[in-house]
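Here's target-v6.tsv, which has TSV, C-alpha atoms and all ligand atoms:
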chain	number	residue	atom	x	y	z
A	1	MET	CA	-24.67	15.05	-19.73
A	2	ALA	CA	-22.60	12.28	-21.27
A	3	HIS	CA	-21.31	12.36	-24.83
A	4	PRO	CA	-22.05	8.97	-26.41
A	5	GLY	CA	-19.16	7.49	-28.33
A	6	LEU	CA	-16.53	9.77	-26.79
A	7	GLY	CA	-14.32	9.03	-23.85
A	8	ASN	CA	-14.62	11.16	-20.75
A	9	VAL	CA	-10.95	11.15	-19.77
A	10	SER	CA	-11.00	14.95	-19.97
A	11	ARG	CA	-14.31	15.66	-18.28
A	12	PHE	CA	-14.93	13.17	-15.50
A	13	LYS	CA	-16.36	13.86	-12.07
A	14	ILE	CA	-15.24	12.41	-8.75
A	15	ILE	CA	-17.61	11.02	-6.17
A	16	ASP	CA	-15.45	10.63	-3.10
A	17	SER	CA	-16.74	7.96	-0.77
A	18	THR	CA	-14.17	8.15	2.05
A	19	LEU	CA	-17.05	8.92	4.41
A	20	ARG	CA	-19.11	5.96	3.17
A	21	GLU	CA	-17.03	3.20	1.54
A	22	GLY	CA	-14.08	4.39	3.64
A	23	GLU	CA	-16.10	3.95	6.81
A	24	GLN	CA	-16.32	0.28	5.85
A	25	PHE	CA	-12.51	0.00	6.09
A	26	GLU	CA	-11.51	-2.39	8.87
A	27	ASN	CA	-9.74	0.29	10.92
A	28	ALA	CA	-12.16	3.15	10.36
A	29	PHE	CA	-13.99	4.97	13.08
A	30	PHE	CA	-14.70	8.61	12.27
A	31	ASP	CA	-16.14	10.83	14.96
A	32	THR	CA	-18.20	13.87	13.94
A	33	ASP	CA	-15.27	16.24	14.14
A	34	GLN	CA	-13.10	14.01	11.94
A	35	LYS	CA	-15.91	13.59	9.41
A	36	ILE	CA	-16.33	17.35	9.17
A	37	LYS	CA	-12.60	17.89	8.74
A	38	ILE	CA	-12.43	15.23	6.04
A	39	ALA	CA	-15.50	16.61	4.24
A	40	LYS	CA	-14.01	20.13	4.27
A	41	ALA	CA	-10.63	18.87	3.04
A	42	LEU	CA	-12.27	16.94	0.20
A	43	ASP	CA	-14.28	20.02	-0.70
A	44	ASP	CA	-11.15	22.13	-0.70
A	45	PHE	CA	-9.49	19.58	-2.96
A	46	GLY	CA	-12.41	20.03	-5.35
A	47	VAL	CA	-14.13	16.66	-5.49
A	48	ASP	CA	-17.49	17.01	-7.19
A	49	TYR	CA	-19.47	14.90	-4.73
A	50	ILE	CA	-19.01	13.58	-1.20
A	51	GLU	CA	-20.84	10.36	-0.46
A	52	LEU	CA	-21.88	9.67	3.15
A	53	THR	CA	-22.93	6.57	5.04
A	54	SER	CA	-26.65	5.89	5.05
A	55	PRO	CA	-28.55	7.83	7.72
A	56	ALA	CA	-30.45	4.59	8.30
A	57	ALA	CA	-27.24	2.91	9.52
A	58	SER	CA	-27.28	4.50	13.00
A	59	SER	CA	-28.52	7.62	14.74
A	60	LYS	CA	-25.00	9.09	14.75
A	61	SER	CA	-24.71	8.43	11.00
A	62	ARG	CA	-27.91	10.39	10.50
A	63	ALA	CA	-26.84	13.28	12.74
A	64	ASP	CA	-23.42	13.47	11.02
A	65	CYS	CA	-25.04	13.43	7.59
A	66	GLU	CA	-27.29	16.33	8.60
A	67	ALA	CA	-24.32	18.22	10.08
A	68	ILE	CA	-22.26	17.84	6.88
A	69	CYS	CA	-25.19	18.96	4.74
A	70	LYS	CA	-25.33	22.17	6.79
A	71	LEU	CA	-21.67	23.05	6.11
A	72	GLY	CA	-22.56	24.69	2.80
A	73	LEU	CA	-19.75	23.00	0.87
A	74	ASN	CA	-19.31	23.39	-2.87
A	75	ALA	CA	-19.29	19.62	-3.34
A	76	LYS	CA	-22.70	18.02	-3.64
A	77	ILE	CA	-23.55	15.78	-0.72
A	78	LEU	CA	-24.91	12.31	-1.39
A	79	THR	CA	-25.96	9.58	0.90
A	80	HIS	CA	-25.77	5.92	-0.01
A	81	ILE	CA	-28.79	3.76	0.82
A	82	ARG	CA	-30.26	0.34	0.23
A	83	CYS	CA	-32.95	0.23	-2.44
A	84	HIS	CA	-35.72	0.37	0.12
A	85	MET	CA	-38.47	2.90	0.78
A	86	ASP	CA	-37.72	3.02	4.52
A	87	ASP	CA	-34.14	4.14	3.84
A	88	ALA	CA	-35.26	6.54	1.10
A	89	ARG	CA	-37.76	8.25	3.40
A	90	ILE	CA	-35.01	8.92	5.96
A	91	ALA	CA	-32.44	9.98	3.35
A	92	VAL	CA	-34.57	12.70	1.78
A	93	GLU	CA	-35.07	14.34	5.18
A	94	THR	CA	-31.35	14.87	5.87
A	95	GLY	CA	-30.66	17.81	3.56
A	96	VAL	CA	-28.57	15.87	1.01
A	97	ASP	CA	-28.33	16.96	-2.62
A	98	GLY	CA	-28.78	13.45	-3.87
A	99	VAL	CA	-29.23	9.81	-3.03
A	100	ASN	CA	-27.13	6.90	-4.26
A	101	VAL	CA	-29.28	3.77	-4.21
A	102	VAL	CA	-27.86	0.26	-4.49
A	103	ILE	CA	-29.14	-3.29	-4.68
A	104	GLY	CA	-27.35	-6.53	-5.56
A	105	THR	CA	-28.18	-7.94	-8.99
A	106	SER	CA	-25.81	-10.93	-9.27
A	107	SER	CA	-27.15	-14.41	-8.64
A	108	HIS	CA	-24.78	-14.56	-5.64
A	109	LEU	CA	-26.44	-11.60	-3.98
A	110	MET	CA	-29.97	-12.30	-5.16
A	111	SER	CA	-29.76	-15.83	-3.69
A	112	HIS	CA	-27.59	-15.33	-0.62
A	113	SER	CA	-27.98	-11.67	0.39
A	114	HIS	CA	-31.39	-10.03	-0.07
A	115	GLY	CA	-33.24	-12.97	-1.63
A	116	LYS	CA	-35.24	-10.88	-4.15
A	117	ASP	CA	-35.60	-11.59	-7.88
A	118	ILE	CA	-35.06	-9.19	-10.76
A	119	SER	CA	-38.73	-8.30	-11.20
A	120	TYR	CA	-38.96	-7.29	-7.54
A	121	ILE	CA	-35.70	-5.31	-7.91
A	122	THR	CA	-37.08	-3.46	-10.93
A	123	LYS	CA	-40.33	-2.63	-9.15
A	124	ILE	CA	-38.69	-1.36	-5.95
A	125	ALA	CA	-36.03	0.55	-7.89
A	126	LEU	CA	-38.70	2.43	-9.84
A	127	GLU	CA	-40.63	3.18	-6.66
A	128	VAL	CA	-37.58	4.52	-4.80
A	129	ILE	CA	-36.41	6.57	-7.79
A	130	GLU	CA	-39.84	8.16	-8.32
A	131	PHE	CA	-40.00	8.99	-4.63
A	132	VAL	CA	-36.55	10.62	-4.47
A	133	LYS	CA	-37.22	12.52	-7.70
A	134	SER	CA	-40.48	13.82	-6.25
A	135	LYS	CA	-38.34	15.51	-3.57
A	136	HIS	CA	-36.28	17.20	-6.33
A	137	LEU	CA	-33.06	15.43	-5.34
A	138	GLU	CA	-30.48	13.79	-7.58
A	139	ILE	CA	-30.87	10.05	-7.76
A	140	ARG	CA	-28.49	7.31	-8.84
A	141	PHE	CA	-29.38	3.64	-9.14
A	142	SER	CA	-26.59	1.06	-8.92
A	143	SER	CA	-26.50	-2.68	-9.40
A	144	GLU	CA	-24.17	-4.12	-6.81
A	145	ASP	CA	-21.86	-6.84	-8.18
A	146	SER	CA	-22.55	-5.72	-11.77
A	147	PHE	CA	-19.74	-7.76	-13.29
A	148	ARG	CA	-21.16	-11.04	-11.99
A	149	SER	CA	-24.71	-10.06	-12.94
A	150	ASP	CA	-26.51	-11.42	-16.00
A	151	ILE	CA	-26.63	-8.71	-18.65
A	152	ASN	CA	-30.10	-9.97	-19.58
A	153	ASP	CA	-31.16	-8.77	-16.12
A	154	LEU	CA	-28.91	-5.75	-16.01
A	155	PHE	CA	-29.64	-3.99	-19.28
A	156	PRO	CA	-33.48	-4.02	-19.05
A	157	LEU	CA	-33.14	-2.83	-15.44
A	158	TYR	CA	-30.85	0.04	-16.38
A	159	GLN	CA	-33.14	0.93	-19.29
A	160	ALA	CA	-36.18	0.96	-17.01
A	161	VAL	CA	-34.57	3.35	-14.52
A	162	ASP	CA	-33.17	5.49	-17.33
A	163	ARG	CA	-36.65	5.82	-18.85
A	164	ILE	CA	-38.05	7.36	-15.68
A	165	GLY	CA	-35.24	9.90	-15.47
A	166	VAL	CA	-32.64	8.55	-13.05
A	167	ASN	CA	-29.64	10.93	-13.05
A	168	ARG	CA	-27.01	8.18	-13.08
A	169	ILE	CA	-26.76	4.47	-13.20
A	170	GLY	CA	-23.98	2.86	-11.18
A	171	VAL	CA	-21.75	0.01	-12.28
A	172	ALA	CA	-20.02	-1.65	-9.36
A	173	ASP	CA	-17.18	-4.18	-9.35
A	174	THR	CA	-18.06	-5.17	-5.83
A	175	VAL	CA	-15.63	-8.08	-5.50
A	176	GLY	CA	-12.80	-6.59	-7.59
A	177	CYS	CA	-12.91	-9.31	-10.22
A	178	ALA	CA	-13.22	-7.18	-13.37
A	179	ASN	CA	-10.32	-6.41	-15.67
A	180	PRO	CA	-9.90	-3.27	-17.81
A	181	ARG	CA	-11.03	-4.96	-21.02
A	182	GLN	CA	-14.24	-6.22	-19.41
A	183	VAL	CA	-14.89	-2.79	-17.95
A	184	TYR	CA	-14.36	-1.10	-21.29
A	185	GLU	CA	-16.70	-3.54	-23.03
A	186	LEU	CA	-19.51	-3.28	-20.49
A	187	VAL	CA	-19.43	0.49	-20.20
A	188	ARG	CA	-19.10	0.99	-23.95
A	189	VAL	CA	-22.25	-1.02	-24.57
A	190	LEU	CA	-24.06	0.65	-21.68
A	191	ARG	CA	-23.18	4.02	-23.12
A	192	HIS	CA	-25.48	3.12	-26.02
A	193	VAL	CA	-28.15	1.52	-23.84
A	194	VAL	CA	-28.89	4.45	-21.51
A	195	SER	CA	-28.80	8.21	-21.92
A	196	CYS	CA	-28.14	9.12	-18.27
A	197	ASP	CA	-24.72	9.52	-16.69
A	198	ILE	CA	-22.72	6.43	-15.70
A	199	GLU	CA	-21.00	6.19	-12.32
A	200	THR	CA	-18.48	3.44	-11.65
A	201	HIS	CA	-17.12	1.86	-8.49
A	202	PHE	CA	-14.12	-0.47	-8.55
A	203	HIS	CA	-12.76	-2.61	-5.75
A	204	ASN	CA	-9.06	-3.36	-5.83
A	205	ASP	CA	-8.89	-7.05	-4.87
A	206	SER	CA	-7.03	-8.00	-8.04
A	207	GLY	CA	-5.13	-4.72	-8.42
A	208	CYS	CA	-7.14	-3.18	-11.28
A	209	ALA	CA	-9.11	-0.43	-9.51
A	210	ILE	CA	-7.28	2.50	-11.11
A	211	ALA	CA	-6.92	0.91	-14.54
A	212	ASN	CA	-10.59	-0.05	-14.47
A	213	ALA	CA	-11.60	3.51	-13.60
A	214	PHE	CA	-9.52	4.82	-16.49
A	215	CYS	CA	-11.00	2.34	-18.97
A	216	ALA	CA	-14.50	3.14	-17.75
A	217	LEU	CA	-13.87	6.81	-18.58
A	218	GLU	CA	-12.45	5.91	-21.98
A	219	ALA	CA	-15.60	3.93	-22.65
A	220	GLY	CA	-17.88	6.82	-21.67
A	221	ALA	CA	-18.43	6.61	-17.89
A	222	THR	CA	-18.89	10.06	-16.39
A	223	HIS	CA	-18.29	9.63	-12.66
A	224	ILE	CA	-15.65	7.69	-10.70
A	225	ASP	CA	-15.95	6.67	-7.07
A	226	THR	CA	-12.79	7.12	-5.00
A	227	THR	CA	-11.68	7.13	-1.39
A	228	VAL	CA	-8.63	8.76	0.15
A	229	LEU	CA	-5.81	6.17	0.12
A	230	GLY	CA	-8.33	3.74	-1.40
A	231	ILE	CA	-9.73	2.69	1.98
A	232	GLY	CA	-12.87	0.56	1.96
A	233	GLU	CA	-14.15	-2.98	2.39
A	234	ARG	CA	-11.30	-5.55	2.23
A	235	ASN	CA	-8.39	-3.81	0.43
A	236	GLY	CA	-10.58	-0.96	-0.78
A	237	ILE	CA	-11.36	0.86	-4.02
A	238	THR	CA	-9.82	3.31	-6.51
A	239	PRO	CA	-7.66	5.71	-4.45
A	240	LEU	CA	-8.17	9.43	-4.99
A	241	GLY	CA	-4.41	10.06	-5.28
A	242	GLY	CA	-3.89	7.09	-7.60
A	243	LEU	CA	-6.68	8.28	-9.87
A	244	MET	CA	-5.13	11.74	-9.95
A	245	ALA	CA	-1.76	10.21	-10.87
A	246	ARG	CA	-3.35	8.29	-13.74
A	247	MET	CA	-5.47	11.18	-15.00
A	248	ILE	CA	-2.79	13.88	-14.84
A	249	VAL	CA	-0.68	11.80	-17.21
A	250	SER	CA	-3.62	11.76	-19.63
A	251	ASP	CA	-4.85	15.34	-19.30
A	252	ARG	CA	-2.70	17.57	-17.12
A	253	GLY	CA	-4.72	20.70	-17.95
A	254	TYR	CA	-8.06	19.26	-16.87
A	255	VAL	CA	-6.75	17.70	-13.69
A	256	SER	CA	-4.55	20.54	-12.52
A	257	ASN	CA	-7.10	23.27	-13.28
A	258	LYS	CA	-9.98	21.44	-11.64
A	259	TYR	CA	-8.44	19.92	-8.53
A	260	ASN	CA	-6.39	21.53	-5.77
A	261	LEU	CA	-3.66	18.93	-6.12
A	262	LYS	CA	-1.28	20.47	-3.61
A	263	THR	CA	-3.64	19.53	-0.78
A	264	LEU	CA	-3.52	15.80	-1.57
A	265	LYS	CA	-0.77	14.98	0.91
A	266	ASP	CA	-2.54	16.79	3.76
A	267	ILE	CA	-5.82	14.99	3.06
A	268	GLU	CA	-4.04	11.65	2.98
A	269	GLU	CA	-2.31	12.39	6.27
A	270	LEU	CA	-5.61	13.49	7.81
A	271	VAL	CA	-7.30	10.24	6.80
A	272	ALA	CA	-4.27	8.04	7.57
A	273	ASN	CA	-4.16	9.47	11.11
A	274	ALA	CA	-7.91	9.08	11.54
A	275	VAL	CA	-7.79	5.39	10.62
A	276	GLN	CA	-4.40	4.79	12.26
A	277	ILE	CA	-2.41	3.63	9.28
A	278	LYS	CA	0.84	4.77	7.67
A	279	ILE	CA	0.98	6.03	4.09
A	280	PRO	CA	2.59	3.16	2.12
A	281	PHE	CA	6.14	3.72	0.78
A	282	ASN	CA	4.93	3.15	-2.78
A	283	ASN	CA	1.82	5.30	-2.57
A	284	TYR	CA	1.04	7.23	-5.76
A	285	ILE	CA	2.44	10.77	-5.59
A	286	THR	CA	2.90	10.96	-1.82
A	287	GLY	CA	4.77	7.74	-0.97
A	288	PHE	CA	8.16	8.65	0.48
A	289	CYS	CA	10.04	7.48	-2.62
A	290	ALA	CA	7.44	8.41	-5.27
A	291	PHE	CA	9.89	10.92	-6.78
A	292	SER	CA	13.24	9.42	-5.72
A	293	HIS	CA	15.93	8.65	-8.28
A	294	LYS	CA	18.87	6.46	-7.38
A	295	ALA	CA	20.73	4.60	-10.14
A	296	GLY	CA	23.54	6.60	-11.73
A	297	ILE	CA	22.01	6.41	-15.21
A	298	HIS	CA	18.71	7.76	-13.89
A	299	THR	CA	20.14	10.53	-11.73
A	300	LYS	CA	22.37	11.82	-14.51
A	301	ALA	CA	19.42	12.11	-16.89
A	302	VAL	CA	17.03	13.53	-14.29
A	303	LEU	CA	19.56	16.18	-13.31
A	304	ASN	CA	19.71	17.16	-16.99
A	305	ASN	CA	15.96	16.99	-17.52
A	306	PRO	CA	13.49	15.44	-15.03
A	307	SER	CA	11.09	14.33	-17.75
A	308	THR	CA	13.60	11.61	-18.72
A	309	TYR	CA	12.47	9.47	-15.79
A	310	GLU	CA	9.31	11.18	-14.57
A	311	SER	CA	5.88	11.07	-16.16
A	312	ILE	CA	4.43	13.24	-13.39
A	313	ASN	CA	5.87	16.56	-12.24
A	314	PRO	CA	6.08	16.42	-8.42
A	315	ALA	CA	5.62	20.20	-8.28
A	316	ASP	CA	2.05	19.79	-9.57
A	317	PHE	CA	1.29	18.16	-6.23
A	318	GLY	CA	3.55	20.39	-4.15
A	319	MET	CA	6.01	17.50	-3.84
A	320	LYS	CA	9.78	17.49	-4.39
A	321	ARG	CA	11.97	15.05	-6.27
A	322	HIS	CA	14.85	13.47	-4.43
A	323	ILE	CA	18.21	12.45	-5.85
A	324	ALA	CA	19.60	9.60	-3.75
A	325	TYR	CA	23.40	9.72	-3.68
A	326	ALA	CA	24.38	7.51	-0.76
A	327	SER	CA	24.77	4.12	-2.42
A	328	ARG	CA	27.01	1.89	-4.49
A	329	LEU	CA	24.82	2.78	-7.50
A	330	THR	CA	25.59	6.49	-7.24
A	331	GLY	CA	26.95	8.17	-10.35
A	332	TRP	CA	29.36	11.07	-10.46
A	333	ASN	CA	26.73	13.50	-11.73
A	334	ALA	CA	24.76	13.00	-8.51
A	335	ILE	CA	27.89	13.53	-6.42
A	336	LYS	CA	28.74	16.64	-8.41
A	337	SER	CA	25.24	17.98	-7.88
A	338	ARG	CA	25.42	17.27	-4.16
A	339	ALA	CA	28.89	18.82	-3.86
A	340	GLU	CA	27.73	21.93	-5.66
A	341	THR	CA	24.75	22.17	-3.30
A	342	LEU	CA	27.31	22.06	-0.47
A	343	LYS	CA	29.33	24.73	-2.34
A	344	LEU	CA	32.29	22.36	-2.68
A	345	PHE	CA	33.37	22.99	-6.23
A	346	MET	CA	35.85	20.63	-7.90
A	347	THR	CA	36.81	19.60	-11.41
A	348	ASP	CA	34.83	16.84	-13.13
A	349	GLU	CA	37.91	14.63	-12.79
A	350	ARG	CA	37.84	15.13	-9.01
A	351	TYR	CA	34.12	14.44	-8.79
A	352	LYS	CA	34.72	11.17	-10.65
A	353	GLU	CA	37.53	10.21	-8.27
A	354	CYS	CA	35.41	11.16	-5.29
A	355	THR	CA	32.53	9.04	-6.69
A	356	ALA	CA	34.82	6.04	-7.20
A	357	SER	CA	35.89	6.28	-3.56
A	358	ILE	CA	32.28	6.64	-2.40
A	359	LYS	CA	31.22	3.59	-4.42
A	360	ALA	CA	34.00	1.53	-2.84
A	361	PHE	CA	32.93	2.74	0.59
A	362	ALA	CA	29.20	2.08	-0.06
A	363	ASP	CA	29.94	-1.37	-1.48
A	364	VAL	CA	30.79	-2.65	1.97
A	365	ARG	CA	27.82	-1.52	4.01
A	366	ARG	CA	24.76	0.75	4.07
A	367	VAL	CA	25.88	4.38	4.26
A	368	SER	CA	24.02	7.48	5.34
A	369	VAL	CA	23.63	10.82	3.61
A	370	GLU	CA	25.58	12.44	6.46
A	371	GLU	CA	28.49	10.06	5.91
A	372	ILE	CA	28.57	10.84	2.19
A	373	ASP	CA	28.43	14.56	2.88
A	374	SER	CA	31.40	14.29	5.26
A	375	PHE	CA	33.13	12.15	2.68
A	376	ILE	CA	32.68	14.84	0.01
A	377	HIS	CA	33.88	17.47	2.48
A	378	ALA	CA	36.97	15.41	3.37
A	379	PHE	CA	37.70	14.78	-0.29
A	380	TYR	CA	37.41	18.46	-1.06
A	381	ASP	CA	39.64	19.46	1.86
A	382	ALA	CA	42.21	16.77	1.06
A	383	GLN	CA	42.51	17.77	-2.56
A	384	LYS	CA	43.15	21.35	-1.45
A	385	LEU	CA	45.96	20.06	0.76
A	386	GLY	CA	47.20	17.72	-1.96
A	387	ALA	CA	46.64	14.50	0.02
A	388	PRO	CA	46.54	11.23	-1.97
A	389	GLN	CA	42.84	10.47	-2.66
A	390	ASP	CA	42.97	6.75	-1.96
A	391	THR	CA	43.86	7.41	1.67
A	392	LEU	CA	40.26	8.57	2.09
A	393	VAL	CA	38.53	5.32	1.11
A	394	GLY	CA	36.52	3.88	3.99
A	395	LYS	CA	37.60	6.57	6.44
B	1	LIG	C1	-19.97	-2.04	-3.86
B	1	LIG	O1	-20.67	-2.59	-4.67
B	1	LIG	O2	-18.82	-2.42	-3.59
B	1	LIG	C2	-20.46	-0.85	-3.17
B	1	LIG	O3	-19.82	-0.39	-2.24
B	1	LIG	C3	-21.66	-0.17	-3.70
B	1	LIG	C4	-21.31	0.58	-4.91
B	1	LIG	C5	-22.45	1.35	-5.50
B	1	LIG	O4	-23.32	1.80	-4.77
B	1	LIG	O5	-22.43	1.52	-6.71

In structure tokens, what does this structure look like?
Amino acid sequence: MAHPGLGNVSRFKIIDSTLREGEQFENAFFDTDQKIKIAKALDDFGVDYIELTSPAASSKSRADCEAICKLGLNAKILTHIRCHMDDARIAVETGVDGVNVVIGTSSHLMSHSHGKDISYITKIALEVIEFVKSKHLEIRFSSEDSFRSDINDLFPLYQAVDRIGVNRIGVADTVGCANPRQVYELVRVLRHVVSCDIETHFHNDSGCAIANAFCALEAGATHIDTTVLGIGERNGITPLGGLMARMIVSDRGYVSNKYNLKTLKDIEELVANAVQIKIPFNNYITGFCAFSHKAGIHTKAVLNNPSTYESINPADFGMKRHIAYASRLTGWNAIKSRAETLKLFMTDERYKECTASIKAFADVRRVSVEEIDSFIHAFYDAQKLGAPQDTLVGK
């Protein structure tokens, strides 16, 4: 149950929709085996809900939904359907724990998609909700394109479904146009308009999907929709890993006790392989340079205390930080650290001389880690033999 007036940054739930919204990603085709692996991995990670494609979409979708329901996962299984009795009748037969119902409420969708007006929407919503409730399943009602919908339509509709005991209402930024302030305002008011839980779904077209999810929680939303790597229609929705990155900075205890964070990379690789994409270099947490430090000023401080330039501890996610030392920006502390790792101990003066030579070398062209390691070795050996240091530059 929600706590009106208080943010839910420390008690949110995740509805992962990789197997629904994610199936709408351009490259996605999940066979049954892949869906089961992904569902199990998400369950192991600890997501609260797994949302599946409507069983009305195709016969395979229905069979896969039934198969996943039989796995006996800890996560609750939802299926996502149109606000239509035909879909609802199929959904309740699949073994799901709950049904996520959606219908467009913006003038764009009412005019150009389903063609129904708000009084029809209210009537059919109530009918579908009563029906699903009569089967003792969880039911959520969402207004697609909420941020371009008229609040004079939206609020009475939400109130009507709340009155008959819907478990959650859904707020969806279907076209990714909302900004964090708008999200905060809408959810804050809604928090006082309905007593049920509030689920939110943010597309990332304008780059606000994570920030919007965070602001929704601050304003009192209870559930956030995610997908692994953010895959979904167009450029997708709030990514699971990105949400974890945001939330662990706000409440490390809640996030690290509740979710099995060390499995994030494996889940992302599983999904990336299934949809034939590479994990982006700048991906939250798992991107190849997410915990790399390069400039001399940064590496010196991080070697002293990582919190100087890290807001997230990579170890929380089973990741490692990386000190880059093969560049013209390298500082002597990084070279000293590397030399000590190689068991090549020198005086600080020597490390500084070695660094000056390395910087001169790396100023000319791109250099590799192996080259710098041999350089440190040569410098170490030469100093033992008493060779002049400047003879080493560029060798
Ligand atoms: C969207 O509006 O983008 C959806 O995918 C549906 C979201 C919902 O059911 O709340």

Original post:
Do you know which residues are at most 8 Å from segment 259-270 of chain A counting all atoms listed in the file, after dropping those on the same chain fewer than 4 positions away, and could you put them as JSON, numbers by chain?
Top reply: {"A": [38, 41, 42, 44, 45, 46, 47, 228, 229, 241, 255, 274, 279, 286, 316, 317, 318, 319]}

**OP:** Find the distance between atom CA of Gln159 of chain A and atom CA of Ala216 of chain A and write it in Å to one decimal.
**Re:** 18.8 Å

Within 6 Å of ligand LIG 1 (chain B), which residues of chain A come that close, and what is the closest atom pair and distance in Å for each? Count all atoms listed in the file and give it as JSON lines.
{"residue": "A:Glu21", "atom": "CA", "partner": "B:LIG1", "partner_atom": "O3", "distance": 5.9}
{"residue": "A:Val102", "atom": "CA", "partner": "B:LIG1", "partner_atom": "O4", "distance": 4.8}
{"residue": "A:Ser142", "atom": "CA", "partner": "B:LIG1", "partner_atom": "O5", "distance": 4.7}
{"residue": "A:Glu144", "atom": "CA", "partner": "B:LIG1", "partner_atom": "O1", "distance": 4.4}
{"residue": "A:Asp145", "atom": "CA", "partner": "B:LIG1", "partner_atom": "O1", "distance": 5.6}
{"residue": "A:Gly170", "atom": "CA", "partner": "B:LIG1", "partner_atom": "O5", "distance": 4.9}
{"residue": "A:Val171", "atom": "CA", "partner": "B:LIG1", "partner_atom": "O5", "distance": 5.8}
{"residue": "A:Ala172", "atom": "CA", "partner": "B:LIG1", "partner_atom": "O5", "distance": 4.8}
{"residue": "A:Thr174", "atom": "CA", "partner": "B:LIG1", "partner_atom": "O2", "distance": 3.6}
{"residue": "A:His201", "atom": "CA", "partner": "B:LIG1", "partner_atom": "O5", "distance": 5.6}

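Atom CA of Val275 of chain A to atom CA of Asn27 of chain A spans 5.5 Å [interatomic distance, one decimal].
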
Original post:
Please, what distance in Å, to one decimal, runs between atom CA of Asp363 of chain A and atom CA of Gln383 of chain A?
Top reply: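 Rounded to one decimal, the two atoms are 22.9 Å apart.
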
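Considering the residues A:Ala362, A:Val161, A:Ala272, A:Val132 and counting all atoms listed in the file, Phe29 of chain A has its shortest atom-to-atom contact with A:Ala272.
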
Original post:
Restricting the calculation to only C-alpha atoms, which member of A:Ala295, A:Ala57, A:Ala382, A:Ile14 is positioned closest to Leu243 of chain A?
Top reply: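 Distance minimum relative to Leu243 of chain A lands on A:Ile14.
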
Original post:
Between A:Thr105, A:Ser10, A:Ser54, A:Asn235, which one has atoms that come closest to Ile248 of chain A, using only C-alpha atoms?
Top reply: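 Once distances to Ile248 of chain A are computed over only C-alpha atoms, the minimum belongs to A:Ser10.
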
Subject >> Non-local contacts of Tyr351 of chain A (9 Å; all atoms listed in the file; under 2 positions in same chain excluded) as a list in words >> reply: Trp332, Asn333, Ile335, Lys336, Ala339, Phe345, Met346, Thr347, Asp348, Glu349, Glu353, Cys354, Thr355, Ala356 and Ile376 of chain A

Subject >> segment 70-77 of chain A surroundings by only C-alpha atoms, 10 Å radius, close-in-sequence under 6 positions cut, as a list in words >> reply: Ile14, Ile15, Asp16, Ile36, Ala39, Lys40, Leu42, Asp43, Asp44, Phe45, Gly46, Val47, Asp48, Tyr49, Ile50, Glu51, Leu52, Asp64, Thr94, Gly95, Val96, Asp97, Gly98, Val99 and Glu138 of chain A

Using all atoms listed in the file, which protein or nucleic acid residues come within 8 Å of Val128 of chain A? Drop anything in the same chain fewer than 6 positions from it, and give the result as an mmCIF file with C-alpha atoms, in the coordinates of the input.
data_model
loop_
_atom_site.group_PDB
_atom_site.id
_atom_site.type_symbol
_atom_site.label_atom_id
_atom_site.label_comp_id
_atom_site.auth_asym_id
_atom_site.auth_seq_id
_atom_site.Cartn_x
_atom_site.Cartn_y
_atom_site.Cartn_z
ATOM 1 C CA CYS A 83 -32.950 0.230 -2.440
ATOM 2 C CA HIS A 84 -35.720 0.370 0.120
ATOM 3 C CA MET A 85 -38.470 2.900 0.780
ATOM 4 C CA ALA A 88 -35.260 6.540 1.100
#

Subject >> Residues within 6 Å of (21.8, 6.5, -7.2), file coords, only C-alpha atoms, listed as a VMD selection string >> reply: chain A and resid 294 to 296 324 to 325 329 to 330

Have segment 7-12 of chain A completed to N, CA, C and O atoms, please, and pass it along as a PDB file, in the coordinates of the input.
ATOM      1  N   GLY A   7     -14.802   9.299 -25.200  1.00  0.00           N
ATOM      2  CA  GLY A   7     -14.320   9.030 -23.850  1.00  0.00           C
ATOM      3  C   GLY A   7     -14.474  10.266 -22.973  1.00  0.00           C
ATOM      4  O   GLY A   7     -14.593  11.377 -23.467  1.00  0.00           O
ATOM      5  N   ASN A   8     -14.475  10.040 -21.686  1.00  0.00           N
ATOM      6  CA  ASN A   8     -14.620  11.160 -20.750  1.00  0.00           C
ATOM      7  C   ASN A   8     -13.358  11.375 -19.911  1.00  0.00           C
ATOM      8  O   ASN A   8     -13.443  11.900 -18.798  1.00  0.00           O
ATOM      9  N   VAL A   9     -12.218  11.007 -20.478  1.00  0.00           N
ATOM     10  CA  VAL A   9     -10.950  11.150 -19.770  1.00  0.00           C
ATOM     11  C   VAL A   9     -10.689  12.625 -19.429  1.00  0.00           C
ATOM     12  O   VAL A   9     -10.025  12.936 -18.453  1.00  0.00           O
ATOM     13  N   SER A  10     -11.248  13.526 -20.194  1.00  0.00           N
ATOM     14  CA  SER A  10     -11.000  14.950 -19.970  1.00  0.00           C
ATOM     15  C   SER A  10     -12.210  15.681 -19.402  1.00  0.00           C
ATOM     16  O   SER A  10     -12.284  16.915 -19.488  1.00  0.00           O
ATOM     17  N   ARG A  11     -13.157  14.949 -18.877  1.00  0.00           N
ATOM     18  CA  ARG A  11     -14.310  15.660 -18.280  1.00  0.00           C
ATOM     19  C   ARG A  11     -15.050  14.803 -17.253  1.00  0.00           C
ATOM     20  O   ARG A  11     -16.270  14.841 -17.163  1.00  0.00           O
ATOM     21  N   PHE A  12     -14.294  14.047 -16.497  1.00  0.00           N
ATOM     22  CA  PHE A  12     -14.930  13.170 -15.500  1.00  0.00           C
ATOM     23  C   PHE A  12     -15.228  13.925 -14.204  1.00  0.00           C
ATOM     24  O   PHE A  12     -14.704  15.007 -13.962  1.00  0.00           O
TER      25      PHE A  12
END
